[in-house]
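J.: Below you'll find the structure I mean.
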Amino acid sequence: MPPSLASIEKSAKDLAIEIEECLKSKMFDYAILGFGNDGHLASCFPEDEQTLNSNEISLAISNSPKPPRQRTTFTLKQLSKSDKLAILALGDAKKAALTSTLAGKGEMPVEILNSLNPNLEVIIATD
């Protein structure tokens with residue numbers, strides 16, 4: 001249910017229930033995610049402990065650093081259950097965050113995904 005029709009918290013809970021019912025024990029076979037200028041994936045922003053470390057399937061985000069302020073997101077824990085992820089890091093504005101991610105300091109969402117599932121196949125596309 002879109003946030004405009006329900007509270008953001010109810011939307012996140014409903015999304016989790018629907019995903020559990022449809023996919024059972026696994027998330028996705030293949031997911032395509034955008035890569036933000038700050039290195040975020042989905043709405044999992046660097047240094048956001050809530051989304052980076054949650055065991056939930058999805059969360060309500062009430063104060064996102066990027067618009068829209070209210071949104072729902074899958075957590076990294078749940079995205080890590082995918083078989084494969086394609087991450088699109090396109091454009092010059094993404095280069096600094098991608099460089100930081102590839103430096104391997106362990107702080108960026110892509111790195112956390114890899115630590116949660118070392119067998120996860122991550123493909124990063126750049127231009």
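The chains in the structure tokens are called A, B, ... from first to last as shown; in each chain the residues are counted from 1, and the ligands are counted from 1 in the order shown.
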Based on the backbone DSSP call, show me all residues of chain A assigned alpha helix (DSSP H), as a VMD selection string.

T.: chain A and resid 8 to 23 49 to 53 76 to 79 95 to 102 109 to 116

J.: Would you list the contacts of Ala96 (chain A) as number ranges by chain, taking every protein, DNA or RNA residue within 9 Å and counting only C-alpha atoms, but skipping same-chain residues closer than 5 positions in sequence?

T.: A: 37-39, 101

J.: So which residues touch Thr73 (chain A) within 8 Å, counting only C-alpha atoms, skipping near sequence neighbours fewer than 3 positions away, as number ranges by chain?

T.: A: 12, 42-44, 58-61

J.: Once you have the residues from the selection above, write them out as a short mmCIF file (atom, residue, chain, number, x, y, z; two decimals), in the first residue's frame, restricted to C-alpha atoms.

T.:
data_model
loop_
_atom_site.label_atom_id
_atom_site.label_comp_id
_atom_site.auth_asym_id
_atom_site.auth_seq_id
_atom_site.Cartn_x
_atom_site.Cartn_y
_atom_site.Cartn_z
CA ALA A 12 6.52 -1.15 5.52
CA ALA A 42 17.58 1.25 -2.03
CA SER A 43 17.07 3.65 0.89
CA CYS A 44 19.94 2.20 2.90
CA SER A 58 11.47 -3.66 5.21
CA LEU A 59 11.43 -0.48 7.21
CA ALA A 60 9.64 2.82 7.34
CA ILE A 61 11.98 5.74 6.79
#

J.: Just the residues within 8 Å of Leu120 (chain A), please, counting only C-alpha atoms, with nothing from its chain fewer than 5 positions along; format it as a PyMOL selection string.

T.: chain A and resi 80-85+113-114

J.: When DSSP works through the backbone of this structure, what residues of chain A end up as strand (DSSP E or B), shown as a ChimeraX atom specification?

T.: /A:30-35,41,44,58-61,71-74,84-88,121-125

J.: Env of Leu15 (chain A): 10 Å cut, atoms = only C-alpha atoms, seq-sep filter 5 positions within chain, self excluded. Answer as a PyMOL selection string.

T.: chain A and resi 1-2+9-10+20-21+57-59+72-74

J.: What would the file look like if the residues just selected were written as a PDB file, in the first residue's frame with N, CA, C and O atoms?

T.:
ATOM      1  N   MET A   1       0.843  -1.173   0.000  1.00  0.00           N
ATOM      2  CA  MET A   1       0.000   0.000   0.000  1.00  0.00           C
ATOM      3  C   MET A   1       0.890   1.238   0.000  1.00  0.00           C
ATOM      4  O   MET A   1       1.793   1.349   0.816  1.00  0.00           O
ATOM      5  N   PRO A   2       0.656   2.159  -0.927  1.00  0.00           N
ATOM      6  CA  PRO A   2       1.476   3.364  -0.968  1.00  0.00           C
ATOM      7  C   PRO A   2       1.330   4.185   0.317  1.00  0.00           C
ATOM      8  O   PRO A   2       0.258   4.205   0.915  1.00  0.00           O
ATOM      9  N   GLU A   9       4.637   3.384   8.439  1.00  0.00           N
ATOM     10  CA  GLU A   9       4.926   2.174   9.209  1.00  0.00           C
ATOM     11  C   GLU A   9       4.068   1.011   8.748  1.00  0.00           C
ATOM     12  O   GLU A   9       4.539  -0.112   8.594  1.00  0.00           O
ATOM     13  N   LYS A  10       2.774   1.266   8.507  1.00  0.00           N
ATOM     14  CA  LYS A  10       1.888   0.208   8.025  1.00  0.00           C
ATOM     15  C   LYS A  10       2.303  -0.234   6.632  1.00  0.00           C
ATOM     16  O   LYS A  10       2.279  -1.431   6.320  1.00  0.00           O
ATOM     17  N   GLU A  20       7.143 -11.913   2.252  1.00  0.00           N
ATOM     18  CA  GLU A  20       7.258 -13.223   2.911  1.00  0.00           C
ATOM     19  C   GLU A  20       6.306 -14.232   2.291  1.00  0.00           C
ATOM     20  O   GLU A  20       6.675 -15.385   2.068  1.00  0.00           O
ATOM     21  N   GLU A  21       5.090 -13.818   2.020  1.00  0.00           N
ATOM     22  CA  GLU A  21       4.103 -14.731   1.445  1.00  0.00           C
ATOM     23  C   GLU A  21       4.458 -15.128   0.015  1.00  0.00           C
ATOM     24  O   GLU A  21       4.295 -16.282  -0.372  1.00  0.00           O
ATOM     25  N   ILE A  57      12.564  -7.187   7.193  1.00  0.00           N
ATOM     26  CA  ILE A  57      12.530  -7.251   5.735  1.00  0.00           C
ATOM     27  C   ILE A  57      12.495  -5.843   5.154  1.00  0.00           C
ATOM     28  O   ILE A  57      13.238  -5.514   4.230  1.00  0.00           O
ATOM     29  N   SER A  58      11.617  -5.032   5.691  1.00  0.00           N
ATOM     30  CA  SER A  58      11.471  -3.664   5.206  1.00  0.00           C
ATOM     31  C   SER A  58      11.263  -2.736   6.389  1.00  0.00           C
ATOM     32  O   SER A  58      10.868  -3.171   7.464  1.00  0.00           O
ATOM     33  N   LEU A  59      11.544  -1.477   6.155  1.00  0.00           N
ATOM     34  CA  LEU A  59      11.434  -0.478   7.214  1.00  0.00           C
ATOM     35  C   LEU A  59      10.758   0.777   6.702  1.00  0.00           C
ATOM     36  O   LEU A  59      10.838   1.102   5.511  1.00  0.00           O
ATOM     37  N   THR A  72       9.485   3.727   2.213  1.00  0.00           N
ATOM     38  CA  THR A  72       9.779   2.390   2.733  1.00  0.00           C
ATOM     39  C   THR A  72      10.996   1.860   1.988  1.00  0.00           C
ATOM     40  O   THR A  72      11.298   2.304   0.873  1.00  0.00           O
ATOM     41  N   THR A  73      11.698   0.925   2.607  1.00  0.00           N
ATOM     42  CA  THR A  73      12.864   0.333   1.964  1.00  0.00           C
ATOM     43  C   THR A  73      13.039  -1.103   2.412  1.00  0.00           C
ATOM     44  O   THR A  73      12.616  -1.476   3.503  1.00  0.00           O
ATOM     45  N   PHE A  74      13.658  -1.890   1.562  1.00  0.00           N
ATOM     46  CA  PHE A  74      14.167  -3.183   1.987  1.00  0.00           C
ATOM     47  C   PHE A  74      15.444  -2.918   2.762  1.00  0.00           C
ATOM     48  O   PHE A  74      16.169  -1.967   2.472  1.00  0.00           O
TER      49      PHE A  74
END

J.: Between CA of Pro67 (chain A) and CA of Met108 (chain A), what is the spacing in Å?

T.: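 Taking CA of Met108 (chain A) and CA of Pro67 (chain A), their separation equals 20.2 Å.
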
J.: Rounded to one decimal in Å, what is the spacing between CA of Ile32 (chain A) and CA of Thr126 (chain A)?

T.: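 Separation between CA of Ile32 (chain A) and CA of Thr126 (chain A): 13.4 Å.
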
J.: Could you check which of A:Glu49, A:Met27, A:Glu18, A:Glu121 is closest to Ala86 (chain A), using only C-alpha atoms?

T.: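 The closest residue to Ala86 (chain A) is A:Glu121.
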
J.: Mind giving me the straight-line distance from CA of Leu79 (chain A) to CA of Ser54 (chain A) in Å, one decimal?

T.: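 So the two atoms, CA of Leu79 (chain A) and CA of Ser54 (chain A), lie 11.4 Å apart.
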
J.: Please determine, counting only C-alpha atoms, which residue among A:Ser62, A:Asn119, A:Thr51, A:Ser7 has the shortest atom-to-atom distance to Gln78 (chain A).

T.: A:Thr51

J.: Considering only C-alpha atoms, can you say which of A:Leu102, A:Ile112, A:Arg71, A:Leu90 comes closest to Ser11 (chain A)?

T.: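 Closest residue, counting only C-alpha atoms: A:Arg71.
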
J.: Show which residues sit within 9 Å of Val110 (chain A), as number ranges by chain. Count only C-alpha atoms, and ignore same-chain residues fewer than 6 positions away.

T.: A: 39-41, 76, 87, 101, 122

J.: Pick the closest to Glu107 (chain A) from A:Lys77, A:Asp127, A:Pro46, A:Ala93: which is it, counting only C-alpha atoms?

T.: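 Closest candidate: A:Pro46.
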